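What follows is one structure encoded as structure tokens, with my remarks underneath.
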Amino acid sequence: MEINAANISAWLQQLQANICAALEKADGGAVFGEEKWTREEGGGGITKIIREGQVIEKGGVLYSAVEGVAPDFLFKENSHSAMDKGTEKPQFFATGVSIVIHPKNPMVPIIHMNVRYFETSDGARWLGGGIDLTPHYIFEEDAKFFHQSLKKVCDAHHAAYYEKFKNWADDYFYIPHRKETRGIGGIFFDRLKDGEEMGFEKNFLFWQAVGEAFAPIYCELIARNKNKMYTEQNKQWQLLRRGRYVEFNLVYDKGTKFGLETNGRVESILMSLPKTAGWEYDFKPEKNSAEEKTLALLKKGLQWAE
């Protein structure tokens, strides 16, 4: 496939459709509703939401393709920008698929994925994305499966990518004010472009592989955990962990910031938030409990993959 905006957009829409079909099958109950939207400044998207399923309480698989004058905050991140040179701001085009799934059963983890492509009229283009997992309760065998699966994807394209992007995820999905990671991380990369590690065409194949890895990985985790028993105490803990998820997304997440600062569709941008969440003042887990064990594993640098 020729790498251009039209073909990338078409591929992403098919990825969205494939992932929704896989999640509907894994859930076994609910189906995705679809809403198409347009952005006044240019572009639009397709928001697909699933609610109150047998497994998934709330989830979204979002496709977007937006364009217009490149926003100011992009220039602050790039020292070689048109703004620095005193010339007219370039136009931008950004497209991607973003996913967040919040399950009912607290033994099933929250998952997030994003794959995105960005280009400007002055010739810049890059790829970004990643997958990360936020278990309410960390099961070591699941954590190892998740990271080993991502390592396999990375290793098929570049031997250094897993370690590099795993460390990037550890740093990115970190909640400084809590001094803990959002979950067990995964892989994260941004501004992957020509001349970095591999040429753009090979990086594009890696980027596609990341998107295609989502469904088999998460559907396996659903199958492993959806029928596990849980208590009201487990549900209350789930609400607290969802609260941490909300804190990260509203305070630190760059994707949320990009959407809001480019006048994106608010309902789609905030789709990542759970239906319900909780906060309890100065919560302390019981000694030697599953909750205490999970908190002890929410830190950077843990090696889950062999």
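Residues in the structure tokens are numbered from 1 in each chain, the chains being A, B, ... in the order shown, and ligands are numbered from 1 in the order shown.
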**OP:** Run DSSP on the backbone and grab whatever in range 7-192 of chain A lands in alpha helix (DSSP H); send it over as a ChimeraX atom specification.
**Re:** /A:7-27,72-77,140-155,161-172
Can you list, as a PDB file with N, CA and C atoms, in the first residue's frame, every protein, DNA or RNA residue that comes within 12 Å of Phe139 in chain A when you count only C-alpha atoms, leaving out same-chain residues fewer than 4 positions away?
```pdb
ATOM      1  N   PRO A 106     -13.854  -6.538  37.988  1.00  0.00           N
ATOM      2  CA  PRO A 106     -12.566  -5.935  38.371  1.00  0.00           C
ATOM      3  C   PRO A 106     -11.363  -6.837  38.149  1.00  0.00           C
ATOM      4  N   MET A 107     -11.600  -8.104  37.820  1.00  0.00           N
ATOM      5  CA  MET A 107     -10.489  -8.993  37.517  1.00  0.00           C
ATOM      6  C   MET A 107     -10.041  -8.878  36.052  1.00  0.00           C
ATOM      7  N   VAL A 108     -10.848  -8.217  35.249  1.00  0.00           N
ATOM      8  CA  VAL A 108     -10.489  -7.946  33.856  1.00  0.00           C
ATOM      9  C   VAL A 108      -9.848  -6.561  33.806  1.00  0.00           C
ATOM     10  N   PRO A 109      -8.701  -6.403  33.157  1.00  0.00           N
ATOM     11  CA  PRO A 109      -8.013  -5.117  33.174  1.00  0.00           C
ATOM     12  C   PRO A 109      -8.604  -4.085  32.219  1.00  0.00           C
ATOM     13  N   LEU A 133      -1.676  -1.417  29.632  1.00  0.00           N
ATOM     14  CA  LEU A 133      -2.657  -2.182  30.389  1.00  0.00           C
ATOM     15  C   LEU A 133      -2.731  -1.645  31.817  1.00  0.00           C
ATOM     16  N   THR A 134      -3.958  -1.497  32.313  1.00  0.00           N
ATOM     17  CA  THR A 134      -4.177  -1.010  33.671  1.00  0.00           C
ATOM     18  C   THR A 134      -5.039  -2.023  34.433  1.00  0.00           C
ATOM     19  N   PRO A 135      -4.429  -3.040  35.021  1.00  0.00           N
ATOM     20  CA  PRO A 135      -5.206  -4.001  35.801  1.00  0.00           C
ATOM     21  C   PRO A 135      -5.661  -3.375  37.123  1.00  0.00           C
ATOM     22  N   ALA A 143       0.407 -10.256  33.248  1.00  0.00           N
ATOM     23  CA  ALA A 143       1.369  -9.194  32.951  1.00  0.00           C
ATOM     24  C   ALA A 143       2.479  -9.714  32.049  1.00  0.00           C
ATOM     25  N   LYS A 144       2.936 -10.933  32.326  1.00  0.00           N
ATOM     26  CA  LYS A 144       3.990 -11.523  31.499  1.00  0.00           C
ATOM     27  C   LYS A 144       3.476 -11.807  30.090  1.00  0.00           C
ATOM     28  N   PHE A 145       2.259 -12.337  29.988  1.00  0.00           N
ATOM     29  CA  PHE A 145       1.666 -12.585  28.670  1.00  0.00           C
ATOM     30  C   PHE A 145       1.548 -11.293  27.871  1.00  0.00           C
ATOM     31  N   PHE A 146       1.055 -10.260  28.502  1.00  0.00           N
ATOM     32  CA  PHE A 146       0.854  -8.980  27.833  1.00  0.00           C
ATOM     33  C   PHE A 146       2.173  -8.422  27.309  1.00  0.00           C
ATOM     34  N   GLY A 183      -0.605   1.797  35.438  1.00  0.00           N
ATOM     35  CA  GLY A 183      -0.840   0.353  35.406  1.00  0.00           C
ATOM     36  C   GLY A 183       0.493  -0.350  35.257  1.00  0.00           C
ATOM     37  N   ILE A 184       0.533  -1.358  34.396  1.00  0.00           N
ATOM     38  CA  ILE A 184       1.790  -2.094  34.189  1.00  0.00           C
ATOM     39  C   ILE A 184       2.474  -1.661  32.897  1.00  0.00           C
ATOM     40  N   LEU A 221      -7.009 -11.820  27.287  1.00  0.00           N
ATOM     41  CA  LEU A 221      -7.098 -11.396  28.685  1.00  0.00           C
ATOM     42  C   LEU A 221      -8.542 -11.410  29.175  1.00  0.00           C
ATOM     43  N   ARG A 224      -9.454 -15.062  29.883  1.00  0.00           N
ATOM     44  CA  ARG A 224      -8.821 -15.575  31.094  1.00  0.00           C
ATOM     45  C   ARG A 224      -9.534 -15.137  32.370  1.00  0.00           C
ATOM     46  N   ASN A 225     -10.156 -13.972  32.348  1.00  0.00           N
ATOM     47  CA  ASN A 225     -10.591 -13.350  33.604  1.00  0.00           C
ATOM     48  C   ASN A 225     -12.079 -13.039  33.731  1.00  0.00           C
ATOM     49  N   ALA A 290      -4.475  -8.374  48.385  1.00  0.00           N
ATOM     50  CA  ALA A 290      -4.265  -8.287  46.934  1.00  0.00           C
ATOM     51  C   ALA A 290      -4.143  -6.841  46.496  1.00  0.00           C
ATOM     52  N   GLU A 291      -4.844  -5.949  47.182  1.00  0.00           N
ATOM     53  CA  GLU A 291      -4.760  -4.525  46.851  1.00  0.00           C
ATOM     54  C   GLU A 291      -3.369  -3.971  47.169  1.00  0.00           C
ATOM     55  N   LYS A 293      -0.611  -5.697  47.274  1.00  0.00           N
ATOM     56  CA  LYS A 293       0.308  -6.293  46.307  1.00  0.00           C
ATOM     57  C   LYS A 293       0.276  -5.537  44.984  1.00  0.00           C
ATOM     58  N   THR A 294      -0.923  -5.193  44.544  1.00  0.00           N
ATOM     59  CA  THR A 294      -1.044  -4.442  43.288  1.00  0.00           C
ATOM     60  C   THR A 294      -0.350  -3.093  43.388  1.00  0.00           C
ATOM     61  N   LEU A 297       3.322  -3.109  42.882  1.00  0.00           N
ATOM     62  CA  LEU A 297       3.802  -3.383  41.522  1.00  0.00           C
ATOM     63  C   LEU A 297       3.563  -2.222  40.564  1.00  0.00           C
ATOM     64  N   TRP A 304       8.742  -7.619  32.822  1.00  0.00           N
ATOM     65  CA  TRP A 304       7.744  -8.671  32.703  1.00  0.00           C
ATOM     66  C   TRP A 304       8.050  -9.643  31.564  1.00  0.00           C
TER      67      TRP A 304
END
```
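Closest to Cys20 in chain A among A:Lys202, A:Lys257, A:Lys48, A:Arg39 is A:Lys48, based on only C-alpha atoms.
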Original post:
Near Lys166 in chain A, counting only C-alpha atoms, which residues have an atom at most 12 Å away, once you skip same-chain residues fewer than 3 positions from it, shown as a count of residues only?
Top reply: 31
Where in range 67-278 of chain A does DSSP assign strand (DSSP E or B), given as an mmCIF file with N, CA and C atoms, in the first residue's frame?
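As a result, states-v3.cif now contains:
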```
data_model
loop_
_atom_site.group_PDB
_atom_site.id
_atom_site.type_symbol
_atom_site.label_atom_id
_atom_site.label_comp_id
_atom_site.auth_asym_id
_atom_site.auth_seq_id
_atom_site.Cartn_x
_atom_site.Cartn_y
_atom_site.Cartn_z
ATOM 1 N N GLU A 67 -7.959 18.120 10.233
ATOM 2 C CA GLU A 67 -6.973 18.937 9.512
ATOM 3 C C GLU A 67 -7.250 20.410 9.744
ATOM 4 N N GLY A 68 -6.259 21.224 9.413
ATOM 5 C CA GLY A 68 -6.396 22.668 9.576
ATOM 6 C C GLY A 68 -5.050 23.302 9.839
ATOM 7 N N VAL A 69 -5.065 24.501 10.413
ATOM 8 C CA VAL A 69 -3.827 25.194 10.769
ATOM 9 C C VAL A 69 -3.231 24.509 11.995
ATOM 10 N N GLN A 91 -0.249 23.835 7.497
ATOM 11 C CA GLN A 91 -1.469 23.082 7.716
ATOM 12 C C GLN A 91 -1.084 21.709 8.280
ATOM 13 N N PHE A 92 -1.996 21.090 8.999
ATOM 14 C CA PHE A 92 -1.721 19.750 9.518
ATOM 15 C C PHE A 92 -2.848 18.805 9.153
ATOM 16 N N PHE A 93 -2.499 17.533 9.125
ATOM 17 C CA PHE A 93 -3.475 16.449 8.982
ATOM 18 C C PHE A 93 -3.110 15.391 10.000
ATOM 19 N N ALA A 94 -4.079 14.969 10.805
ATOM 20 C CA ALA A 94 -3.833 13.947 11.820
ATOM 21 C C ALA A 94 -4.958 12.930 11.773
ATOM 22 N N THR A 95 -4.596 11.664 11.786
ATOM 23 C CA THR A 95 -5.600 10.612 11.784
ATOM 24 C C THR A 95 -5.153 9.492 12.704
ATOM 25 N N GLY A 96 -6.103 8.783 13.266
ATOM 26 C CA GLY A 96 -5.731 7.698 14.165
ATOM 27 C C GLY A 96 -6.933 6.942 14.678
ATOM 28 N N VAL A 97 -6.637 5.881 15.380
ATOM 29 C CA VAL A 97 -7.634 5.108 16.100
ATOM 30 C C VAL A 97 -7.214 5.070 17.564
ATOM 31 N N SER A 98 -8.167 5.349 18.443
ATOM 32 C CA SER A 98 -7.903 5.344 19.879
ATOM 33 C C SER A 98 -8.947 4.484 20.577
ATOM 34 N N ILE A 99 -8.496 3.702 21.553
ATOM 35 C CA ILE A 99 -9.371 2.737 22.228
ATOM 36 C C ILE A 99 -9.151 2.797 23.733
ATOM 37 N N VAL A 100 -10.254 2.792 24.468
ATOM 38 C CA VAL A 100 -10.210 2.560 25.911
ATOM 39 C C VAL A 100 -11.381 1.655 26.257
ATOM 40 N N ILE A 101 -11.100 0.600 27.026
ATOM 41 C CA ILE A 101 -12.127 -0.343 27.434
ATOM 42 C C ILE A 101 -12.133 -0.455 28.961
ATOM 43 N N HIS A 102 -13.298 -0.177 29.557
ATOM 44 C CA HIS A 102 -13.493 -0.338 31.000
ATOM 45 C C HIS A 102 -14.422 -1.531 31.232
ATOM 46 N N PRO A 103 -13.917 -2.627 31.806
ATOM 47 C CA PRO A 103 -14.737 -3.828 32.009
ATOM 48 C C PRO A 103 -15.580 -3.739 33.279
ATOM 49 N N ILE A 110 -8.374 -2.834 32.537
ATOM 50 C CA ILE A 110 -8.606 -1.728 31.605
ATOM 51 C C ILE A 110 -7.496 -1.782 30.561
ATOM 52 N N ILE A 111 -7.821 -1.448 29.321
ATOM 53 C CA ILE A 111 -6.783 -1.385 28.293
ATOM 54 C C ILE A 111 -6.957 -0.129 27.455
ATOM 55 N N HIS A 112 -5.836 0.360 26.958
ATOM 56 C CA HIS A 112 -5.825 1.533 26.081
ATOM 57 C C HIS A 112 -4.897 1.257 24.906
ATOM 58 N N MET A 113 -5.314 1.684 23.728
ATOM 59 C CA MET A 113 -4.438 1.654 22.567
ATOM 60 C C MET A 113 -4.649 2.904 21.747
ATOM 61 N N ASN A 114 -3.595 3.348 21.103
ATOM 62 C CA ASN A 114 -3.700 4.453 20.164
ATOM 63 C C ASN A 114 -2.664 4.257 19.073
ATOM 64 N N VAL A 115 -3.093 4.405 17.822
ATOM 65 C CA VAL A 115 -2.149 4.491 16.705
ATOM 66 C C VAL A 115 -2.526 5.727 15.905
ATOM 67 N N ARG A 116 -1.548 6.561 15.602
ATOM 68 C CA ARG A 116 -1.845 7.840 14.978
ATOM 69 C C ARG A 116 -0.777 8.212 13.945
ATOM 70 N N TYR A 117 -1.225 8.965 12.959
ATOM 71 C CA TYR A 117 -0.336 9.465 11.902
ATOM 72 C C TYR A 117 -0.550 10.971 11.809
ATOM 73 N N PHE A 118 0.555 11.704 11.626
ATOM 74 C CA PHE A 118 0.495 13.164 11.596
ATOM 75 C C PHE A 118 1.398 13.674 10.475
ATOM 76 N N GLU A 119 0.899 14.637 9.721
ATOM 77 C CA GLU A 119 1.737 15.268 8.701
ATOM 78 C C GLU A 119 1.405 16.747 8.620
ATOM 79 N N THR A 120 2.367 17.527 8.132
ATOM 80 C CA THR A 120 2.154 18.959 7.933
ATOM 81 C C THR A 120 2.484 19.323 6.493
ATOM 82 N N ARG A 125 6.302 14.508 8.793
ATOM 83 C CA ARG A 125 5.335 13.437 9.031
ATOM 84 C C ARG A 125 5.907 12.494 10.075
ATOM 85 N N TRP A 126 5.018 11.947 10.888
ATOM 86 C CA TRP A 126 5.485 10.996 11.882
ATOM 87 C C TRP A 126 4.351 10.084 12.333
ATOM 88 N N LEU A 127 4.773 9.034 13.047
ATOM 89 C CA LEU A 127 3.862 8.020 13.561
ATOM 90 C C LEU A 127 3.957 7.990 15.074
ATOM 91 N N GLY A 128 2.857 7.625 15.708
ATOM 92 C CA GLY A 128 2.865 7.481 17.153
ATOM 93 C C GLY A 128 1.909 6.391 17.564
ATOM 94 N N GLY A 129 2.002 5.980 18.810
ATOM 95 C CA GLY A 129 1.049 4.996 19.285
ATOM 96 C C GLY A 129 1.541 4.197 20.464
ATOM 97 N N GLY A 130 0.853 3.090 20.688
ATOM 98 C CA GLY A 130 1.220 2.202 21.775
ATOM 99 C C GLY A 130 0.007 1.539 22.385
ATOM 100 N N ILE A 131 0.270 0.574 23.241
ATOM 101 C CA ILE A 131 -0.747 -0.154 23.979
ATOM 102 C C ILE A 131 -0.284 -0.240 25.431
ATOM 103 N N ASP A 132 -1.191 0.042 26.369
ATOM 104 C CA ASP A 132 -0.831 -0.131 27.775
ATOM 105 C C ASP A 132 -1.999 -0.742 28.527
ATOM 106 N N LEU A 133 -1.676 -1.417 29.632
ATOM 107 C CA LEU A 133 -2.657 -2.182 30.389
ATOM 108 C C LEU A 133 -2.731 -1.645 31.817
ATOM 109 N N THR A 134 -3.958 -1.497 32.313
ATOM 110 C CA THR A 134 -4.177 -1.010 33.671
ATOM 111 C C THR A 134 -5.039 -2.023 34.433
ATOM 112 N N TYR A 174 2.844 7.579 33.955
ATOM 113 C CA TYR A 174 3.247 7.740 35.353
ATOM 114 C C TYR A 174 2.465 8.904 35.934
ATOM 115 N N ILE A 175 2.008 8.736 37.157
ATOM 116 C CA ILE A 175 1.229 9.778 37.835
ATOM 117 C C ILE A 175 2.131 10.408 38.896
ATOM 118 N N GLU A 180 3.174 6.801 41.340
ATOM 119 C CA GLU A 180 2.894 5.441 40.905
ATOM 120 C C GLU A 180 2.577 5.456 39.420
ATOM 121 N N THR A 181 2.771 4.304 38.776
ATOM 122 C CA THR A 181 2.391 4.177 37.376
ATOM 123 C C THR A 181 0.893 3.959 37.274
ATOM 124 N N GLY A 185 2.044 -0.528 32.339
ATOM 125 C CA GLY A 185 2.693 -0.010 31.145
ATOM 126 C C GLY A 185 2.408 -0.856 29.924
ATOM 127 N N GLY A 186 3.371 -0.874 29.031
ATOM 128 C CA GLY A 186 3.243 -1.555 27.755
ATOM 129 C C GLY A 186 4.316 -0.999 26.847
ATOM 130 N N ILE A 187 3.918 -0.475 25.701
ATOM 131 C CA ILE A 187 4.853 0.236 24.832
ATOM 132 C C ILE A 187 4.221 1.559 24.429
ATOM 133 N N PHE A 188 5.061 2.559 24.235
ATOM 134 C CA PHE A 188 4.609 3.883 23.809
ATOM 135 C C PHE A 188 5.697 4.492 22.948
ATOM 136 N N PHE A 189 5.288 5.107 21.841
ATOM 137 C CA PHE A 189 6.251 5.802 20.984
ATOM 138 C C PHE A 189 5.556 6.987 20.335
ATOM 139 N N ASP A 190 6.332 7.994 20.007
ATOM 140 C CA ASP A 190 5.786 9.189 19.376
ATOM 141 C C ASP A 190 6.842 9.769 18.445
ATOM 142 N N ARG A 191 6.368 10.469 17.418
ATOM 143 C CA ARG A 191 7.244 11.151 16.457
ATOM 144 C C ARG A 191 8.257 10.188 15.833
ATOM 145 N N LEU A 192 7.793 8.998 15.517
ATOM 146 C CA LEU A 192 8.616 8.021 14.808
ATOM 147 C C LEU A 192 8.574 8.399 13.335
ATOM 148 N N GLU A 196 14.952 7.580 11.823
ATOM 149 C CA GLU A 196 15.032 7.187 13.220
ATOM 150 C C GLU A 196 14.929 5.669 13.333
ATOM 151 N N MET A 198 14.820 3.102 11.835
ATOM 152 C CA MET A 198 14.547 2.483 10.539
ATOM 153 C C MET A 198 13.925 3.547 9.638
#
```
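The space between CA of Glu140 in chain A and CA of Tyr230 in chain A spans 18.1 Å.
Interatomic distance, CA of Met1 in chain A against CA of Glu34 in chain A: 27.3 Å.
Considering the residues A:Val55, A:Ile46, A:Ala213, A:Trp279 and counting only C-alpha atoms, Gly29 in chain A has its shortest atom-to-atom contact with A:Val55.
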Could you build a table of the residues in range 150-242 of chain A lying no more than 12 Å from range 263-276 of chain A, giving for each the nearest pair of atoms and their separation in Å rounded to one decimal place, using only C-alpha atoms, ordered by chain and ascending residue number, as JSON lines?
```
{"residue": "A:Lys235", "atom": "CA", "partner": "A:Thr276", "partner_atom": "CA", "distance": 10.9}
{"residue": "A:Gln236", "atom": "CA", "partner": "A:Thr276", "partner_atom": "CA", "distance": 10.6}
{"residue": "A:Gln238", "atom": "CA", "partner": "A:Thr276", "partner_atom": "CA", "distance": 9.6}
{"residue": "A:Leu239", "atom": "CA", "partner": "A:Thr276", "partner_atom": "CA", "distance": 6.8}
{"residue": "A:Leu240", "atom": "CA", "partner": "A:Thr276", "partner_atom": "CA", "distance": 9.8}
{"residue": "A:Arg241", "atom": "CA", "partner": "A:Pro274", "partner_atom": "CA", "distance": 10.5}
{"residue": "A:Arg242", "atom": "CA", "partner": "A:Pro274", "partner_atom": "CA", "distance": 6.8}
```
Residues as selected, C-alpha atoms, written as a PDB file, in the first residue's frame, can you do that?
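Okay, out_3.pdb is ready:
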```
ATOM      1  CA  LYS A 235     -15.733  -3.459  43.137  1.00  0.00           C
ATOM      2  CA  GLN A 236     -14.910  -0.634  45.530  1.00  0.00           C
ATOM      3  CA  GLN A 238     -12.034  -1.000  41.064  1.00  0.00           C
ATOM      4  CA  LEU A 239     -13.632   2.418  41.566  1.00  0.00           C
ATOM      5  CA  LEU A 240     -10.473   3.720  43.274  1.00  0.00           C
ATOM      6  CA  ARG A 241      -8.252   2.426  40.468  1.00  0.00           C
ATOM      7  CA  ARG A 242     -10.558   4.027  37.923  1.00  0.00           C
TER       8      ARG A 242
END
```
Original post:
For Asn234 in chain A, which residue among A:Pro216, A:Gly123, A:Gly33, A:Pro285 is the nearest when counting only C-alpha atoms?
Top reply: A:Pro285
Subject >> Separation of CA of Gln208 in chain A from CA of Ala22 in chain A, in Å and rounded to one decimal >> reply: 17.0 Å
